[in-house]
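Chemist: I am attaching a structure below and will ask some questions about it afterwards.
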2 protein chains.
Amino acid sequence: MNSRLPLLALLPLFLGCASLKPATEPLPSWNDGPSKTAIMEFVARVTDESHADYVPPAERIATFDNDGTLWSEQPLYFQLAFAIDRVKAMAPEHPEWKTTQPFQAVLEDDHEALAKSGTEGLLKLVLATHAGMTTEEFAKVARDWLAEARHPRFKRPYNELIYQPMLEVLDYLRANGFKTYIVSGGGIDFLRTFSEDAYAIPPEQTIGSSIATKLEMRASGPVIVRLPKMDFIDDKEGKPVAIHKFIGRRPIAAFGNSDGDLQMLQWTAAGDGARFCLIVHHTDAKREWAYDRESHIGRLDKALGEAAERKWTVVDMAKEWATIYPPSK
Amino acid sequence: MNSRLPLLALLPLFLGCASLKPATEPLPSWNDGPSKTAIMEFVARVTDESHADYVPPAERIATFDNDGTLWSEQPLYFQLAFAIDRVKAMAPEHPEWKTTQPFQAVLEDDHEALAKSGTEGLLKLVLATHAGMTTEEFAKVARDWLAEARHPRFKRPYNELIYQPMLEVLDYLRANGFKTYIVSGGGIDFLRTFSEDAYAIPPEQTIGSSIATKLEMRASGPVIVRLPKMDFIDDKEGKPVAIHKFIGRRPIAAFGNSDGDLQMLQWTAAGDGARFCLIVHHTDAKREWAYDRESHIGRLDKALGEAAERKWTVVDMAKEWATIYPPSK
């Protein structure tokens, strides 16, 4: 009987573990509420082999928009802040930009003129600053910018303004056999400079808009050169097209925050079997931002109406998120 | 002491296992020779944490051409056989094909005229037979064809004419933490109908040429429609471009069989650290086919020269492969 004593001696340790349980529960930055419940119930159903909604691991694909879904997008898309900083840095080599829109607007900090230049202006900025170099040179420029630039409101690196509750959703899904993907309107090569560190999403699971590239043989060896020409815009109707091309399977769960994600959510919802669609609703002007139907950035109008009709999960950020960003590194 | 008896009783079983050891050794269909040795030595180096060539698992990317590298490509690309069968099946709805090349050549089994129509003719056949339907409809047509069609020489389903030794390389790499990809000139959606069953390569790791698609909202829900227009040709210079776009990392190992794979091999070889490049040389007219520098299909000329210069591994199929195809299912 003496041999049982050592086990009894360990009992306090087990009790100690039990008291730590809340810290290891999933989604600790989510307040108890409808969204947390919906996420956990969906995952429980599709991972339970005895449930009618069971989905084998290979088909557990979850796609996430990035801007406004995994990180903030105000006061302007972070990649646009990058393009603006690049225009300013490159301006000495481009005297013509002083009198050419939308470059002039950028150099004069004329936000009104910049906004007026619209999508076409934005594309001009992107092509002027993101092309004309090899993929490796571009990755270095983007990484250097992320290391140095600070967000105007929070004075933190942009890649720290990621949502702690969404990081926990990513982890929770992966722990349950899901493969997590970014499907963003942002540039694929820009995203890939930080997606692995920020979200533990590897480059091959990071999908975005792209500019054309070509292989070039140089004396030093082959390089891939970025051309000043759009290849694909991964937004709205483009998202299901990109999902089909890159993944070749329909997601069973999709996460977005704006009308740019509506088609991805519809495409996901239209599959057979259990489906989960979630919209992050920015309702927190105090800790983050509050915007939806009237916003120029991340407008959430049609998708909000459809979410209500189809009973998709809509996260009330102010009420349901206990934390917004992870602590500073 | 009696309690040890049952263990001793199990001893013959252990000895029995030991005698089975050769069957569990990797690459059983490879004869001992330079290629098998080179593959195993490379894998040993990059997976040994104490070795200077060690590569962390996330970066162990291996890319494989398909036609002539993972399955046969004679007497004509299997996907072209599919397109030809489709032209014949669709001909009643297209009376104009009787007098229009390259369709007329197909309908009249005029191989000379078909060959004369070149790449342009081939693209016409592909666009006429692979577009104008949803992605789901196309997948069904391709799956049905694979189930019914038989190879003219071997009288077996095309997706059984895959190379047993290469299946073992795929398994061996995956068992050593590699992520295996197809990077083929063939159509991405055609490949994805069989790549998972044939090679255990999931759709998201199957890359190929693509035609343009668009999202269409129908009464029944959203569908992706295939358009009669090329989107991307994943061959030659296109292979590194596609690898960069889809994977976003440079492979550390690449496997091909023709000049269409040369740029993928060069791109792989040009990375830092340990690299492995392999070419399947078709030298076995008896069990498969023998062809290289002069072949119209899978021409291996420049890449064979470069392989010799750069000491890439060149597999002599006749000498190094103990088996060509797996047994019939």
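Ordered as shown in the structure tokens, chains take letters A, B, and onward, while each chain numbers its residues from 1 and ligands are numbered from 1 in the order shown.
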Within 12 Å of Phe154 in chain A, counting only C-alpha atoms, which residues show up once you throw out same-chain ones fewer than 2 positions away? Write them as JSON, numbers by chain, please.

Modeler: {"A": [72, 74, 75, 149, 150, 151, 152, 156, 157, 158, 159, 160, 161, 287, 288, 325, 328]}

Chemist: Could you write out the selected residues, including N, CA, C and O atoms, as an mmCIF file, in the first residue's frame?

Modeler:
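Writing the result to out_11.cif gives the following:
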```cif
data_model
loop_
_atom_site.group_PDB
_atom_site.id
_atom_site.type_symbol
_atom_site.label_atom_id
_atom_site.label_comp_id
_atom_site.auth_asym_id
_atom_site.auth_seq_id
_atom_site.Cartn_x
_atom_site.Cartn_y
_atom_site.Cartn_z
ATOM 1 N N SER A 72 -6.146 46.411 -37.919
ATOM 2 C CA SER A 72 -6.920 47.635 -38.146
ATOM 3 C C SER A 72 -6.709 48.162 -39.553
ATOM 4 O O SER A 72 -5.770 47.760 -40.257
ATOM 5 N N GLN A 74 -7.714 51.743 -40.144
ATOM 6 C CA GLN A 74 -7.960 53.178 -40.024
ATOM 7 C C GLN A 74 -6.695 53.876 -39.500
ATOM 8 O O GLN A 74 -5.907 53.240 -38.823
ATOM 9 N N PRO A 75 -6.455 55.168 -39.759
ATOM 10 C CA PRO A 75 -7.318 56.043 -40.555
ATOM 11 C C PRO A 75 -7.234 55.777 -42.056
ATOM 12 O O PRO A 75 -8.024 56.331 -42.814
ATOM 13 N N ALA A 149 8.105 52.216 -39.291
ATOM 14 C CA ALA A 149 6.913 53.073 -39.297
ATOM 15 C C ALA A 149 6.101 52.888 -38.015
ATOM 16 O O ALA A 149 6.097 51.815 -37.415
ATOM 17 N N ARG A 150 5.431 53.951 -37.592
ATOM 18 C CA ARG A 150 4.563 53.886 -36.419
ATOM 19 C C ARG A 150 3.183 54.415 -36.787
ATOM 20 O O ARG A 150 3.064 55.397 -37.513
ATOM 21 N N HIS A 151 2.163 53.771 -36.246
ATOM 22 C CA HIS A 151 0.790 54.196 -36.502
ATOM 23 C C HIS A 151 0.544 55.563 -35.840
ATOM 24 O O HIS A 151 0.933 55.763 -34.692
ATOM 25 N N PRO A 152 -0.123 56.496 -36.557
ATOM 26 C CA PRO A 152 -0.263 57.861 -36.042
ATOM 27 C C PRO A 152 -1.018 57.940 -34.710
ATOM 28 O O PRO A 152 -0.679 58.780 -33.864
ATOM 29 N N ARG A 156 2.475 52.695 -32.462
ATOM 30 C CA ARG A 156 3.029 51.332 -32.412
ATOM 31 C C ARG A 156 3.300 50.875 -33.840
ATOM 32 O O ARG A 156 2.700 51.389 -34.784
ATOM 33 N N PRO A 157 4.180 49.897 -34.008
ATOM 34 C CA PRO A 157 4.365 49.336 -35.355
ATOM 35 C C PRO A 157 3.015 48.821 -35.877
ATOM 36 O O PRO A 157 2.216 48.281 -35.109
ATOM 37 N N TYR A 158 2.807 49.001 -37.171
ATOM 38 C CA TYR A 158 1.529 48.586 -37.761
ATOM 39 C C TYR A 158 1.238 47.109 -37.520
ATOM 40 O O TYR A 158 0.099 46.722 -37.279
ATOM 41 N N ASN A 159 2.285 46.275 -37.602
ATOM 42 C CA ASN A 159 2.030 44.836 -37.449
ATOM 43 C C ASN A 159 1.839 44.412 -35.996
ATOM 44 O O ASN A 159 1.759 43.222 -35.699
ATOM 45 N N GLU A 160 1.736 45.385 -35.082
ATOM 46 C CA GLU A 160 1.293 45.061 -33.724
ATOM 47 C C GLU A 160 -0.179 45.417 -33.537
ATOM 48 O O GLU A 160 -0.774 45.086 -32.510
ATOM 49 N N LEU A 161 -0.762 46.088 -34.523
ATOM 50 C CA LEU A 161 -2.176 46.485 -34.395
ATOM 51 C C LEU A 161 -3.077 45.394 -34.975
ATOM 52 O O LEU A 161 -3.941 45.627 -35.817
ATOM 53 N N ARG A 287 -11.654 52.233 -28.134
ATOM 54 C CA ARG A 287 -10.440 51.411 -28.159
ATOM 55 C C ARG A 287 -9.922 51.190 -29.572
ATOM 56 O O ARG A 287 -8.747 50.879 -29.771
ATOM 57 N N GLU A 288 -10.825 51.274 -30.568
ATOM 58 C CA GLU A 288 -10.390 51.084 -31.958
ATOM 59 C C GLU A 288 -11.113 52.133 -32.796
ATOM 60 O O GLU A 288 -10.845 53.321 -32.637
ATOM 61 N N TYR A 325 -5.825 44.733 -28.933
ATOM 62 C CA TYR A 325 -4.500 44.399 -29.461
ATOM 63 C C TYR A 325 -3.689 43.605 -28.438
ATOM 64 O O TYR A 325 -3.895 43.748 -27.235
ATOM 65 N N SER A 328 2.408 45.315 -26.316
ATOM 66 C CA SER A 328 3.593 45.679 -27.108
ATOM 67 C C SER A 328 4.692 44.655 -26.905
ATOM 68 O O SER A 328 4.832 44.096 -25.823
#
```

Chemist: Using only C-alpha atoms, which residues of chain B come within 7 Å of chain A, and what is the closest atom pair for each, with the distance in Å to one decimal? Give it as CSV, sorted by chain and residue number.

Modeler:
```
residue,atom,partner,partner_atom,distance
B:Pro203,CA,A:Gly248,CA,5.3
B:Glu204,CA,A:Ile247,CA,4.1
B:Thr213,CA,A:Val241,CA,6.8
B:Lys214,CA,A:Val241,CA,6.5
B:Leu215,CA,A:Glu237,CA,5.9
B:Gly221,CA,A:Ala270,CA,6.5
B:Pro222,CA,A:Trp267,CA,6.2
B:Ile224,CA,A:Val241,CA,7.0
B:Glu237,CA,A:Leu215,CA,5.9
B:Val241,CA,A:Lys214,CA,6.5
B:Phe246,CA,A:Glu204,CA,6.0
B:Ile247,CA,A:Glu204,CA,4.1
B:Gly248,CA,A:Pro203,CA,5.3
B:Trp267,CA,A:Pro222,CA,6.2
B:Ala270,CA,A:Gly221,CA,6.5
```

Chemist: Go ahead and compute the interatomic distance for CA of Leu173 in chain B and CA of Lys302 in chain B, in Å to one decimal.

Modeler: 27.3 Å

Chemist: Could you list, as a list in words, every residue within 9 Å of Arg143 in chain A, counting only C-alpha atoms and ignoring same-chain residues fewer than 3 positions away?

Modeler: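 After dropping sequence-adjacent residues, the list is Phe138, Ala139, Lys140, Leu146, Ala147, Glu148, Phe190, Thr193 and Phe194 of chain A.
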
Chemist: I need the residues from that last selection saved to file as a CSV table (one decimal), in the first residue's frame (with N, CA, C and O atoms), if you can.

Modeler:
```csv
chain,number,residue,atom,x,y,z
A,138,PHE,N,11.8,44.0,-53.0
A,138,PHE,CA,10.5,44.5,-52.5
A,138,PHE,C,10.3,44.0,-51.0
A,138,PHE,O,9.9,44.8,-50.2
A,139,ALA,N,10.5,42.8,-50.8
A,139,ALA,CA,10.3,42.2,-49.4
A,139,ALA,C,11.1,43.0,-48.4
A,139,ALA,O,10.7,43.2,-47.3
A,140,LYS,N,12.4,43.3,-48.8
A,140,LYS,CA,13.2,44.1,-47.9
A,140,LYS,C,12.7,45.5,-47.6
A,140,LYS,O,12.6,45.9,-46.4
A,146,LEU,N,7.9,48.2,-42.1
A,146,LEU,CA,7.2,47.7,-41.0
A,146,LEU,C,8.0,47.9,-39.7
A,146,LEU,O,7.4,48.1,-38.6
A,147,ALA,N,9.3,47.7,-39.8
A,147,ALA,CA,10.1,47.8,-38.6
A,147,ALA,C,10.2,49.3,-38.1
A,147,ALA,O,10.3,49.5,-36.9
A,148,GLU,N,10.1,50.2,-39.0
A,148,GLU,CA,10.4,51.6,-38.6
A,148,GLU,C,9.1,52.5,-38.4
A,148,GLU,O,9.0,53.3,-37.6
A,190,PHE,N,3.3,42.0,-50.0
A,190,PHE,CA,3.3,42.8,-48.8
A,190,PHE,C,2.9,42.0,-47.6
A,190,PHE,O,3.5,42.0,-46.6
A,193,THR,N,5.2,39.5,-46.0
A,193,THR,CA,6.4,39.9,-45.2
A,193,THR,C,6.1,39.9,-43.7
A,193,THR,O,7.0,39.9,-42.9
A,194,PHE,N,4.8,39.8,-43.3
A,194,PHE,CA,4.5,39.8,-41.8
A,194,PHE,C,3.5,38.7,-41.4
A,194,PHE,O,3.3,38.5,-40.2
```

Chemist: Residues near range 46-51 of chain A, anyone? I mean within 12 Å using only C-alpha atoms, not counting same-chain ones fewer than 2 positions away, as a CSV table (one decimal) with all heavy atoms, in the first residue's frame.

Modeler:
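Output saved as result.csv:
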```csv
chain,number,residue,atom,x,y,z
A,39,ILE,N,-18.9,30.4,-32.4
A,39,ILE,CA,-17.6,29.9,-32.9
A,39,ILE,C,-17.4,28.5,-32.3
A,39,ILE,O,-17.1,27.5,-33.0
A,39,ILE,CB,-16.4,30.8,-32.6
A,39,ILE,CG1,-16.5,32.1,-33.3
A,39,ILE,CG2,-15.1,30.1,-32.9
A,39,ILE,CD1,-15.6,33.2,-32.7
A,40,MET,N,-17.5,28.4,-31.0
A,40,MET,CA,-17.2,27.1,-30.3
A,40,MET,C,-18.2,26.0,-30.7
A,40,MET,O,-17.8,24.9,-30.8
A,40,MET,CB,-17.1,27.4,-28.8
A,40,MET,CG,-15.9,28.3,-28.5
A,40,MET,SD,-15.6,28.6,-26.7
A,40,MET,CE,-15.1,27.0,-26.2
A,41,GLU,N,-19.4,26.4,-30.8
A,41,GLU,CA,-20.4,25.4,-31.2
A,41,GLU,C,-20.2,24.8,-32.6
A,41,GLU,O,-20.3,23.6,-32.9
A,41,GLU,CB,-21.8,25.9,-31.1
A,41,GLU,CG,-22.3,25.9,-29.7
A,41,GLU,CD,-23.8,26.4,-29.5
A,41,GLU,OE1,-24.4,26.8,-30.6
A,41,GLU,OE2,-24.3,26.5,-28.4
A,42,PHE,N,-19.8,25.7,-33.5
A,42,PHE,CA,-19.5,25.3,-34.9
A,42,PHE,C,-18.3,24.3,-34.9
A,42,PHE,O,-18.4,23.3,-35.5
A,42,PHE,CB,-19.2,26.5,-35.8
A,42,PHE,CG,-18.7,26.1,-37.1
A,42,PHE,CD1,-19.6,25.6,-38.1
A,42,PHE,CD2,-17.3,26.2,-37.5
A,42,PHE,CE1,-19.1,25.3,-39.4
A,42,PHE,CE2,-16.9,25.9,-38.7
A,42,PHE,CZ,-17.8,25.4,-39.7
A,43,VAL,N,-17.2,24.7,-34.2
A,43,VAL,CA,-16.0,23.9,-34.2
A,43,VAL,C,-16.4,22.5,-33.5
A,43,VAL,O,-15.9,21.5,-34.0
A,43,VAL,CB,-14.9,24.6,-33.5
A,43,VAL,CG1,-13.7,23.7,-33.2
A,43,VAL,CG2,-14.4,25.8,-34.3
A,44,ALA,N,-17.2,22.5,-32.5
A,44,ALA,CA,-17.5,21.3,-31.8
A,44,ALA,C,-18.3,20.4,-32.8
A,44,ALA,O,-18.0,19.2,-32.8
A,44,ALA,CB,-18.4,21.6,-30.6
A,53,ASP,N,-22.7,16.9,-38.9
A,53,ASP,CA,-22.0,18.0,-39.5
A,53,ASP,C,-20.5,17.8,-39.5
A,53,ASP,O,-19.7,18.7,-39.9
A,53,ASP,CB,-22.3,19.3,-38.8
A,53,ASP,CG,-23.7,19.8,-39.0
A,53,ASP,OD1,-24.3,19.4,-40.0
A,53,ASP,OD2,-24.1,20.7,-38.3
A,54,TYR,N,-20.0,16.6,-39.2
A,54,TYR,CA,-18.6,16.3,-39.1
A,54,TYR,C,-17.9,16.6,-40.5
A,54,TYR,O,-18.5,16.2,-41.5
A,54,TYR,CB,-18.4,14.8,-38.8
A,54,TYR,CG,-16.9,14.4,-38.8
A,54,TYR,CD1,-16.0,14.9,-37.8
A,54,TYR,CD2,-16.4,13.7,-39.8
A,54,TYR,CE1,-14.7,14.6,-37.8
A,54,TYR,CE2,-15.0,13.3,-39.9
A,54,TYR,CZ,-14.2,13.8,-38.9
A,54,TYR,OH,-12.8,13.5,-38.9
A,55,VAL,N,-16.8,17.2,-40.4
A,55,VAL,CA,-16.0,17.5,-41.7
A,55,VAL,C,-14.6,16.9,-41.5
A,55,VAL,O,-13.9,17.2,-40.5
A,55,VAL,CB,-15.9,19.0,-41.9
A,55,VAL,CG1,-15.0,19.4,-43.1
A,55,VAL,CG2,-17.3,19.6,-42.1
A,56,PRO,N,-14.1,16.1,-42.4
A,56,PRO,CA,-12.7,15.6,-42.2
A,56,PRO,C,-11.7,16.7,-42.2
A,56,PRO,O,-11.9,17.7,-42.9
A,56,PRO,CB,-12.6,14.6,-43.4
A,56,PRO,CG,-13.7,14.9,-44.3
A,56,PRO,CD,-14.8,15.6,-43.6
A,57,PRO,N,-10.6,16.5,-41.5
A,57,PRO,CA,-9.6,17.6,-41.4
A,57,PRO,C,-9.2,18.2,-42.7
A,57,PRO,O,-9.0,19.4,-42.8
A,57,PRO,CB,-8.4,16.9,-40.7
A,57,PRO,CG,-9.0,15.8,-39.9
A,57,PRO,CD,-10.2,15.4,-40.7
A,58,ALA,N,-9.0,17.4,-43.8
A,58,ALA,CA,-8.5,18.0,-45.0
A,58,ALA,C,-9.4,19.0,-45.6
A,58,ALA,O,-9.0,19.9,-46.3
A,58,ALA,CB,-8.3,16.9,-46.1
A,59,GLU,N,-10.7,19.0,-45.2
A,59,GLU,CA,-11.7,19.9,-45.8
A,59,GLU,C,-11.9,21.1,-44.8
A,59,GLU,O,-12.8,21.9,-45.1
A,59,GLU,CB,-13.0,19.2,-46.1
A,59,GLU,CG,-12.8,18.3,-47.3
A,59,GLU,CD,-13.9,17.3,-47.5
A,59,GLU,OE1,-15.0,17.7,-47.1
A,59,GLU,OE2,-13.7,16.2,-48.1
A,60,ARG,N,-11.2,21.1,-43.7
A,60,ARG,CA,-11.5,22.2,-42.7
A,60,ARG,C,-10.6,23.4,-43.1
A,60,ARG,O,-9.6,23.7,-42.6
A,60,ARG,CB,-11.1,21.8,-41.3
A,60,ARG,CG,-12.1,20.7,-40.8
A,60,ARG,CD,-11.7,20.3,-39.3
A,60,ARG,NE,-12.2,19.0,-39.1
A,60,ARG,CZ,-11.8,18.1,-38.1
A,60,ARG,NH1,-10.7,18.5,-37.4
A,60,ARG,NH2,-12.3,16.9,-38.0
A,61,ILE,N,-11.2,24.2,-44.1
A,61,ILE,CA,-10.5,25.4,-44.6
A,61,ILE,C,-11.2,26.6,-44.1
A,61,ILE,O,-12.5,26.7,-44.2
A,61,ILE,CB,-10.6,25.4,-46.2
A,61,ILE,CG1,-10.0,24.1,-46.8
A,61,ILE,CG2,-10.0,26.7,-46.7
A,61,ILE,CD1,-8.5,24.0,-46.8
A,173,LEU,N,-8.8,27.4,-34.2
A,173,LEU,CA,-9.2,26.6,-35.4
A,173,LEU,C,-8.1,25.7,-35.7
A,173,LEU,O,-8.3,24.5,-36.0
A,173,LEU,CB,-9.5,27.6,-36.6
A,173,LEU,CG,-10.8,28.4,-36.5
A,173,LEU,CD1,-10.9,29.4,-37.6
A,173,LEU,CD2,-12.0,27.5,-36.4
A,174,ARG,N,-6.8,26.2,-35.7
A,174,ARG,CA,-5.7,25.3,-36.1
A,174,ARG,C,-5.6,24.1,-35.1
A,174,ARG,O,-5.3,23.0,-35.5
A,174,ARG,CB,-4.4,26.1,-36.1
A,174,ARG,CG,-4.4,27.0,-37.3
A,174,ARG,CD,-3.0,27.7,-37.5
A,174,ARG,NE,-2.7,28.6,-36.5
A,174,ARG,CZ,-2.6,30.0,-36.7
A,174,ARG,NH1,-2.8,30.5,-37.9
A,174,ARG,NH2,-2.3,30.8,-35.7
A,175,ALA,N,-5.8,24.4,-33.8
A,175,ALA,CA,-5.7,23.3,-32.8
A,175,ALA,C,-6.8,22.3,-33.1
A,175,ALA,O,-6.7,21.2,-32.6
A,175,ALA,CB,-5.9,23.9,-31.4
A,176,ASN,N,-7.8,22.7,-33.8
A,176,ASN,CA,-8.9,21.8,-34.2
A,176,ASN,C,-8.8,21.3,-35.6
A,176,ASN,O,-9.8,20.9,-36.2
A,176,ASN,CB,-10.3,22.4,-33.9
A,176,ASN,CG,-10.6,22.4,-32.4
A,176,ASN,OD1,-11.0,21.3,-31.9
A,176,ASN,ND2,-10.4,23.5,-31.7
A,177,GLY,N,-7.6,21.3,-36.2
A,177,GLY,CA,-7.4,20.7,-37.4
A,177,GLY,C,-7.7,21.5,-38.7
A,177,GLY,O,-7.7,21.0,-39.8
A,178,PHE,N,-8.0,22.8,-38.4
A,178,PHE,CA,-8.3,23.7,-39.6
A,178,PHE,C,-7.0,24.2,-40.2
A,178,PHE,O,-6.0,24.3,-39.5
A,178,PHE,CB,-9.1,24.9,-39.1
A,178,PHE,CG,-10.5,24.7,-38.9
A,178,PHE,CD1,-11.0,24.0,-37.8
A,178,PHE,CD2,-11.4,25.2,-39.9
A,178,PHE,CE1,-12.4,23.9,-37.7
A,178,PHE,CE2,-12.8,25.0,-39.7
A,178,PHE,CZ,-13.3,24.4,-38.6
A,252,ILE,N,-15.1,26.1,-45.3
A,252,ILE,CA,-16.3,25.9,-44.5
A,252,ILE,C,-16.5,27.0,-43.5
A,252,ILE,O,-17.5,27.1,-42.8
A,252,ILE,CB,-16.2,24.5,-43.8
A,252,ILE,CG1,-15.1,24.4,-42.7
A,252,ILE,CG2,-16.1,23.4,-44.8
A,252,ILE,CD1,-15.2,23.2,-41.8
A,253,ALA,N,-15.5,27.9,-43.4
A,253,ALA,CA,-15.7,29.0,-42.5
A,253,ALA,C,-15.0,30.2,-43.1
A,253,ALA,O,-13.9,30.1,-43.7
A,253,ALA,CB,-15.1,28.7,-41.1
A,273,GLY,N,-23.4,21.2,-46.3
A,273,GLY,CA,-23.0,20.9,-45.0
A,273,GLY,C,-22.9,22.1,-44.1
A,273,GLY,O,-23.3,23.2,-44.5
A,274,ALA,N,-22.2,21.9,-42.9
A,274,ALA,CA,-22.1,23.0,-41.9
A,274,ALA,C,-21.2,24.1,-42.5
A,274,ALA,O,-20.1,23.8,-43.0
A,274,ALA,CB,-21.6,22.5,-40.6
A,275,ARG,N,-21.6,25.4,-42.3
A,275,ARG,CA,-20.8,26.5,-42.7
A,275,ARG,C,-20.9,27.6,-41.6
A,275,ARG,O,-21.8,27.7,-40.9
A,275,ARG,CB,-21.5,27.1,-44.0
A,275,ARG,CG,-21.6,26.2,-45.1
A,275,ARG,CD,-20.3,26.0,-45.8
A,275,ARG,NE,-20.2,24.6,-46.3
A,275,ARG,CZ,-19.2,24.2,-47.2
A,275,ARG,NH1,-18.3,25.0,-47.6
A,275,ARG,NH2,-19.2,22.9,-47.6
A,276,PHE,N,-19.8,28.4,-41.6
A,276,PHE,CA,-19.7,29.4,-40.6
A,276,PHE,C,-19.2,30.7,-41.2
A,276,PHE,O,-18.2,30.7,-41.8
A,276,PHE,CB,-18.8,29.0,-39.4
A,276,PHE,CG,-18.7,30.0,-38.3
A,276,PHE,CD1,-19.8,30.0,-37.4
A,276,PHE,CD2,-17.7,30.9,-38.1
A,276,PHE,CE1,-19.8,31.0,-36.3
A,276,PHE,CE2,-17.7,31.8,-37.1
A,276,PHE,CZ,-18.7,31.8,-36.2
```
